[in-house]
Amino acid sequence: LGTAPFIAVLGIVVSMFTIGYTAGWLFGWTSMERIFLASVFSVCSSSTIVYKTFNELKLKQQRFASLVLLSIVIMVMLSAIAGGDSLSSMELIKITTKIAFFIILWFVVGIYLVPIFLRKTRKLMTNEILLVVSLAMCFFMAIFSAQVGFSSAFGAFVMGSILAETVDVHKIIKVVEPIKDLFGAVFFVSVGMLVDVKILIDYALPILSIVALVIVGQAIFGTFSFMLSGNSLKTSMQSSFSIAQIGEFPFIIASLGVSLGVIGNFMYPVIVAASAI
């Protein structure tokens, strides 16, 4: 895909960050709350929802789907910066170094270790053992990712991508898919249980404003960014509309702000409500 996704994502992140920060200023929120809201806007897309929709509509092989999925990977990396308390040059170098190390490790493990391991142990791999081994690898990479400063979701995504390139991928998908559906249900149910209905009523205007700004902002600036990267108007509109929603990574950013005590407790249910809508 070349540089197209990088150009598109850069345009989307900058424009949506600006819209989010401006919206927070209009709401009268504190500067830190504006920054977190802007960060939520800049990584708003839900990889879980987008991938599931593409899969159900049989759109994964189309060009616009590839652009969006690669854009989501880059957004996950950018979320590491959004979670930092400083954006000094040294902090930026440190984060960049971590990303480079993680990607190099990704390729080394993906090309050599995992396929060799699965090939050597193929005779021992019953469905039950393959399920346990596959999940153990994903959990290990999730923990490792969290230890080096990224989100656990990014680490799990990396290991999933590695397993997807092995010769046993179809067998792995078959045994893991029921667990995936269970985890997906637990995730969204647990998110819904954290919503305070009273807050939804008190902050109805900001919630509806966020929904409108995300959809309109992604539709306009997303389309423009994808066109700037050299795509046709049709492909650009399909790509931008595909990521015009709030997903799970903004939940991580919002919960981080609440746990650090730098934003109001109202922000998490507001973002969850906007996501549900």
# chains A, B, ... in the order shown; residues from 1 in each chain; ligands from 1

$ residues_around --residues "A:Tyr112" --least-positions-apart "5" --cutoff "12 Å" --atoms "only C-alpha atoms" --output "list in words"
Leu105, Trp106, Phe107, Phe117, Leu118, Arg119, Ile162, Leu163, Glu165 and Thr166 of chain A

$ residues_around --residues "stretch 259-264 of chain A" --least-positions-apart "2" --cutoff "9 Å" --atoms "only C-alpha atoms" --output "PyMOL selection string"
chain A and resi 30+32-33+36+254-257+266-268

$ closest_residue --among "A:Ile220, A:Ala212, A:Ala204, A:Ala276" --to "A:Phe188" --atoms "only C-alpha atoms"
A:Ala276

$ atom_distance --atom1 "atom CA of A:Phe187" --atom2 "atom CA of A:Glu248"
9.1 Å

$ residues_around --residues "A:Ala153" --least-positions-apart "4" --cutoff "10 Å" --atoms "only C-alpha atoms" --output "ChimeraX atom specification"
/A:76,138-139,141-143,145-146,157-158,248-249,252

$ write_last_selection --atoms "N, CA, C and O atoms" --output "tab-separated table (two decimals), in the first residue's frame"
chain	number	residue	atom	x	y	z
A	76	VAL	N	-3.32	2.56	16.76
A	76	VAL	CA	-3.00	1.91	18.03
A	76	VAL	C	-1.63	2.38	18.52
A	76	VAL	O	-1.43	2.65	19.70
A	138	CYS	N	-1.15	-15.41	22.72
A	138	CYS	CA	-1.78	-14.08	22.66
A	138	CYS	C	-1.73	-13.38	24.01
A	138	CYS	O	-1.45	-12.19	24.10
A	139	PHE	N	-2.01	-14.13	25.07
A	139	PHE	CA	-1.96	-13.55	26.42
A	139	PHE	C	-0.54	-13.13	26.78
A	139	PHE	O	-0.32	-12.08	27.40
A	141	MET	N	1.89	-12.20	24.70
A	141	MET	CA	2.26	-10.99	23.97
A	141	MET	C	1.51	-9.78	24.50
A	141	MET	O	2.04	-8.67	24.51
A	142	ALA	N	0.27	-9.99	24.98
A	142	ALA	CA	-0.50	-8.88	25.57
A	142	ALA	C	0.18	-8.38	26.84
A	142	ALA	O	0.32	-7.17	27.05
A	143	ILE	N	0.63	-9.31	27.68
A	143	ILE	CA	1.32	-8.93	28.92
A	143	ILE	C	2.65	-8.25	28.60
A	143	ILE	O	3.00	-7.23	29.19
A	145	SER	N	3.45	-6.61	25.90
A	145	SER	CA	3.16	-5.29	25.35
A	145	SER	C	2.86	-4.29	26.46
A	145	SER	O	3.34	-3.15	26.44
A	146	ALA	N	2.08	-4.71	27.45
A	146	ALA	CA	1.75	-3.82	28.57
A	146	ALA	C	3.00	-3.48	29.38
A	146	ALA	O	3.15	-2.35	29.85
A	157	PHE	N	-3.01	-8.14	19.31
A	157	PHE	CA	-3.17	-7.97	17.87
A	157	PHE	C	-1.92	-8.45	17.12
A	157	PHE	O	-2.00	-9.09	16.08
A	158	VAL	N	-0.74	-8.13	17.68
A	158	VAL	CA	0.53	-8.55	17.07
A	158	VAL	C	0.61	-10.07	16.99
A	158	VAL	O	0.91	-10.63	15.93
A	248	GLU	N	-13.10	0.69	21.02
A	248	GLU	CA	-12.55	0.25	22.31
A	248	GLU	C	-11.30	0.99	22.73
A	248	GLU	O	-11.04	1.14	23.93
A	249	PHE	N	-10.48	1.47	21.80
A	249	PHE	CA	-9.26	2.17	22.20
A	249	PHE	C	-9.54	3.50	22.90
A	249	PHE	O	-8.84	3.85	23.85
A	252	ILE	N	-9.96	2.85	26.51
A	252	ILE	CA	-8.70	2.70	27.24
A	252	ILE	C	-8.14	4.07	27.60
A	252	ILE	O	-7.68	4.30	28.72

$ closest_atom_pairs --of "stretch 140-235 of chain A" --to "stretch 240-244 of chain A" --cutoff "10 Å" --atoms "only C-alpha atoms" --output "tab-separated table"
residue	atom	partner	partner_atom	distance
A:Val211	CA	A:Ala244	CA	9.2
A:Ala212	CA	A:Ala244	CA	9.9
A:Leu213	CA	A:Ala244	CA	9.6
A:Val214	CA	A:Ala244	CA	6.1
A:Ile215	CA	A:Ala244	CA	5.0
A:Val216	CA	A:Ala244	CA	8.1
A:Gly217	CA	A:Ala244	CA	8.1
A:Gln218	CA	A:Ala244	CA	5.4
A:Ala219	CA	A:Ser240	CA	5.5
A:Ile220	CA	A:Ser240	CA	8.0
A:Phe221	CA	A:Ser240	CA	8.1
A:Gly222	CA	A:Ser240	CA	4.7
A:Thr223	CA	A:Ser240	CA	5.4
A:Phe224	CA	A:Ser240	CA	8.8
A:Ser225	CA	A:Ser240	CA	8.7
A:Phe226	CA	A:Ser240	CA	7.6
A:Thr235	CA	A:Ser240	CA	8.6

$ closest_residue --among "A:Ile172, A:Gly110, A:Asn55, A:Phe150" --to "A:Val133" --atoms "only C-alpha atoms"
A:Ile172

$ residues_around --residues "A:Arg122" --least-positions-apart "6" --cutoff "10 Å" --atoms "only C-alpha atoms" --output "list in words"
Ile116, Leu130 and Asp168 of chain A

$ write_last_selection --atoms "all heavy atoms" --output "PDB file, in the first residue's frame"
ATOM      1  N   ILE A 116       8.111 -22.430  13.290  1.00  0.00           N
ATOM      2  CA  ILE A 116       8.954 -23.598  13.584  1.00  0.00           C
ATOM      3  C   ILE A 116       8.366 -24.400  14.739  1.00  0.00           C
ATOM      4  O   ILE A 116       8.280 -25.635  14.692  1.00  0.00           O
ATOM      5  CB  ILE A 116      10.394 -23.152  13.920  1.00  0.00           C
ATOM      6  CG1 ILE A 116      11.067 -22.599  12.665  1.00  0.00           C
ATOM      7  CG2 ILE A 116      11.191 -24.327  14.496  1.00  0.00           C
ATOM      8  CD1 ILE A 116      12.435 -22.004  12.917  1.00  0.00           C
ATOM      9  N   LEU A 130      -4.074 -27.063  20.777  1.00  0.00           N
ATOM     10  CA  LEU A 130      -3.871 -25.933  19.871  1.00  0.00           C
ATOM     11  C   LEU A 130      -4.599 -24.690  20.379  1.00  0.00           C
ATOM     12  O   LEU A 130      -4.077 -23.571  20.300  1.00  0.00           O
ATOM     13  CB  LEU A 130      -4.370 -26.287  18.466  1.00  0.00           C
ATOM     14  CG  LEU A 130      -4.138 -25.221  17.383  1.00  0.00           C
ATOM     15  CD1 LEU A 130      -2.645 -24.950  17.202  1.00  0.00           C
ATOM     16  CD2 LEU A 130      -4.759 -25.669  16.055  1.00  0.00           C
ATOM     17  N   ASP A 168      -1.086 -23.231   9.907  1.00  0.00           N
ATOM     18  CA  ASP A 168      -2.191 -23.776  10.701  1.00  0.00           C
ATOM     19  C   ASP A 168      -3.282 -22.746  10.983  1.00  0.00           C
ATOM     20  O   ASP A 168      -4.135 -22.965  11.845  1.00  0.00           O
ATOM     21  CB  ASP A 168      -1.664 -24.299  12.050  1.00  0.00           C
ATOM     22  CG  ASP A 168      -0.685 -25.440  11.877  1.00  0.00           C
ATOM     23  OD1 ASP A 168      -1.036 -26.397  11.178  1.00  0.00           O
ATOM     24  OD2 ASP A 168       0.420 -25.368  12.443  1.00  0.00           O
TER      25      ASP A 168
END

$ select_by_dssp --residues "stretch 81-176 of chain A" --states "helix (DSSP H, G or I)" --output "PyMOL selection string"
chain A and resi 81-82+89-120+122-124+127-147+152-164+169-176

$ atom_distance --atom1 "atom CA of A:Met137" --atom2 "atom CA of A:Lys98"
20.2 Å

$ closest_residue --among "A:Ala8, A:Leu26, A:Ile103, A:Val195" --to "A:Pro269" --atoms "only C-alpha atoms"
A:Val195

$ decode --residues "stretch 188-208 of chain A" --atoms "C-alpha atoms" --output "PDB file, in the first residue's frame"
ATOM      1  CA  PHE A 188     -19.225  -5.001  25.445  1.00  0.00           C
ATOM      2  CA  VAL A 189     -21.438  -6.155  28.325  1.00  0.00           C
ATOM      3  CA  SER A 190     -18.841  -4.975  30.874  1.00  0.00           C
ATOM      4  CA  VAL A 191     -18.586  -1.625  29.089  1.00  0.00           C
ATOM      5  CA  GLY A 192     -22.352  -1.208  29.234  1.00  0.00           C
ATOM      6  CA  MET A 193     -22.418  -2.018  32.964  1.00  0.00           C
ATOM      7  CA  LEU A 194     -20.125   0.961  33.632  1.00  0.00           C
ATOM      8  CA  VAL A 195     -22.613   3.482  32.238  1.00  0.00           C
ATOM      9  CA  ASP A 196     -24.386   5.754  34.739  1.00  0.00           C
ATOM     10  CA  VAL A 197     -27.829   6.622  33.353  1.00  0.00           C
ATOM     11  CA  LYS A 198     -27.991   9.869  35.357  1.00  0.00           C
ATOM     12  CA  ILE A 199     -24.774  11.081  33.710  1.00  0.00           C
ATOM     13  CA  LEU A 200     -26.237  10.301  30.289  1.00  0.00           C
ATOM     14  CA  ILE A 201     -29.189  12.588  31.041  1.00  0.00           C
ATOM     15  CA  ASP A 202     -27.038  15.368  32.499  1.00  0.00           C
ATOM     16  CA  TYR A 203     -24.589  15.273  29.578  1.00  0.00           C
ATOM     17  CA  ALA A 204     -27.033  14.575  26.740  1.00  0.00           C
ATOM     18  CA  LEU A 205     -25.894  17.606  24.709  1.00  0.00           C
ATOM     19  CA  PRO A 206     -22.145  16.760  24.802  1.00  0.00           C
ATOM     20  CA  ILE A 207     -22.912  13.112  23.942  1.00  0.00           C
ATOM     21  CA  LEU A 208     -24.995  14.001  20.887  1.00  0.00           C
TER      22      LEU A 208
END
